[in-house]
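Novice: I'd like to ask some things about the structure below.
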Amino acid sequence: MPAPSRAASFAAGARDTLPMIVGAAPFGLIFGALVATTPLAPWHGQLMSLTVFAGSSQFIAAGLFATGVGYAVLWATTLIVNLRHMLYAANLLPHVKHLDLRWRTVLGFLLTDETFAVTSGHFHRHPDDPLGQWYFLGSGLSMYLNWQVWTLAGLLFGAAFPRLQTLGLDFAMVATFIAIIVPQMARVPWAVATVVAGASAYACQGLPYKLGLLAAVALGIAAGMIMLHAKRRNGARPSRKSGEDDARKPGGMGASGKPAGGAQ
């Protein structure tokens, strides 16, 4: 069986992302329509999609800008919301750390919730894929182009449908997030992050300005990062049992580092 080519890996990444693309389309449409109702110019909304490429923070930024908040509050809020990408990046780092800075910069920019869900699943199934970066690129670039198209559609036609946001199209994104989260629950760091974030959101729901949501995001990410770091640290540390097993092998090295099997 011939080895897959770069083009085939790229196409596979785009193909596997298709369900996420369908789910994100209404989200982009609603964002474009939302921008049309704020003091932002249409080109501001498209520029945000081109340069920020983060749906959740774009919605928050547009909403906050419409209320006239200061830039410091806007920046801090969107920063906290996007901190979850640190957890995504830490998970994918072992598979991309061998790439040069140009590759890692491009892939880092294209990293979204949907791309992470697809790409992490691919690397979980194929941890030694030599063309994994092309799969990643196919997934991320297809999501990027999809987001630009639907943002533009919302900007152009959103004003003609003022009740667009009341049609429940945004549930498609909720369903997409559920599809992202559930498969990850089998991994301890993600399960811990989800439970902590959910419990924190419930406990802090009474805070003003939706600060409870931001607190839940921050605490969930912190819990996940702690668990991920602990898991990697324990995985890198040789176990006591493995040292004892080596000691039983003829000529093996014991836990103390000395040859096993008596005086040599």
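Letters A, B, ... go to the chains of the structure tokens in the order shown; residues in each chain start at 1; ligands are counted from 1 in the same order.
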Using backbone DSSP assignments, extract all alpha helix (DSSP H) residues from stretch 87-233 of chain A; output them as number ranges by chain.

Specialist: A: 87-96, 101-110, 113-125, 132-157, 171-184, 188-203, 211-233

Novice: Can you pull out the residues contacting stretch 119-121 of chain A? Cut-off 12 Å, using only C-alpha atoms, and skip same-chain residues under 4 positions away; I want them as a ChimeraX atom specification.

Specialist: /A:9-10,12-17,20,87-96,107,110-115,125-127,129,132-140,180-181,183-184,186-187

Novice: A:Phe59, A:Tyr144, A:Trp150, A:Tyr71: which is nearest A:Val106, counting only C-alpha atoms?

Specialist: A:Tyr144

Novice: Restricting the calculation to only C-alpha atoms: of A:Val182, A:Ala8, A:Ile30, A:Leu47, which residue gets closest to A:Gly154?

Specialist: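 Looking only at the distances to A:Gly154, the closest residue turns out to be A:Ile30.
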
Novice: So which residues touch A:Leu211 within 10 Å, counting only C-alpha atoms, skipping near sequence neighbours fewer than 6 positions away, as number ranges by chain?

Specialist: A: 77, 201, 204-205, 217

Novice: Generate the output file for the selected residues, C-alpha atoms, as a PDB file, in the first residue's frame.

Specialist:
```pdb
ATOM      1  CA  THR A  77     -12.258  39.343  28.623  1.00  0.00           C
ATOM      2  CA  ALA A 201     -20.072  27.928  36.338  1.00  0.00           C
ATOM      3  CA  CYS A 204     -20.450  31.440  40.282  1.00  0.00           C
ATOM      4  CA  GLN A 205     -23.615  32.022  38.260  1.00  0.00           C
ATOM      5  CA  VAL A 217     -13.222  29.046  31.993  1.00  0.00           C
TER       6      VAL A 217
END
```

Novice: What separation in Å, quoted to one decimal, exists between atom CA of A:Gly220 and atom CA of A:Leu141?

Specialist: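 Taking atom CA of A:Gly220 as the start and atom CA of A:Leu141 as the end point, the length is 27.9 Å.
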
Novice: When you count only C-alpha atoms, which of these residues is closest to A:Leu79: A:Ser49, A:Thr38, A:Gln58, A:Asn234?

Specialist: A:Gln58

Novice: Please measure the separation of atom CA of A:Leu64 and atom CA of A:Arg84, giving the value in Å to one decimal.

Specialist: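 Those two atoms sit 20.2 Å apart.
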
Novice: Which residues come within 10 Å of A:Leu152, counting only C-alpha atoms, excluding same-chain residues fewer than 5 positions away, as a list in words?

Specialist: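 Everything that qualifies: Gly28, Leu29, Phe31, Gly32, Ala33, Pro42, Trp43, Gly45, Gln46, Ser49, Trp147, Phe157 and Gly158 of chain A.
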
Novice: Take the residues that were just selected and, keeping N, CA and C atoms, output them as a tab-separated table (two decimals), in the first residue's frame.

Specialist:
```
chain	number	residue	atom	x	y	z
A	28	GLY	N	-21.05	31.56	12.08
A	28	GLY	CA	-20.45	32.65	11.32
A	28	GLY	C	-21.48	33.58	10.73
A	29	LEU	N	-22.60	33.02	10.28
A	29	LEU	CA	-23.67	33.84	9.72
A	29	LEU	C	-24.25	34.78	10.77
A	31	PHE	N	-22.73	35.78	13.50
A	31	PHE	CA	-21.73	36.79	13.86
A	31	PHE	C	-21.77	37.97	12.90
A	32	GLY	N	-21.81	37.66	11.60
A	32	GLY	CA	-21.87	38.74	10.62
A	32	GLY	C	-23.11	39.59	10.79
A	33	ALA	N	-24.24	38.94	11.09
A	33	ALA	CA	-25.49	39.68	11.31
A	33	ALA	C	-25.40	40.53	12.58
A	42	PRO	N	-18.92	47.13	8.66
A	42	PRO	CA	-18.84	45.75	8.15
A	42	PRO	C	-17.42	45.26	7.95
A	43	TRP	N	-16.54	46.15	7.49
A	43	TRP	CA	-15.17	45.70	7.26
A	43	TRP	C	-14.46	45.38	8.58
A	45	GLY	N	-15.90	43.78	11.07
A	45	GLY	CA	-16.28	42.40	11.35
A	45	GLY	C	-15.50	41.41	10.51
A	46	GLN	N	-15.35	41.70	9.21
A	46	GLN	CA	-14.59	40.79	8.35
A	46	GLN	C	-13.13	40.76	8.75
A	49	SER	N	-12.64	38.44	11.64
A	49	SER	CA	-12.62	37.04	11.24
A	49	SER	C	-11.32	36.66	10.55
A	147	TRP	N	-15.22	30.02	7.78
A	147	TRP	CA	-15.57	31.12	8.68
A	147	TRP	C	-15.61	32.45	7.94
A	157	PHE	N	-26.09	40.05	4.24
A	157	PHE	CA	-27.52	39.77	4.24
A	157	PHE	C	-28.16	39.78	5.62
A	158	GLY	N	-27.35	39.97	6.67
A	158	GLY	CA	-27.90	39.93	8.02
A	158	GLY	C	-28.93	41.02	8.27
```
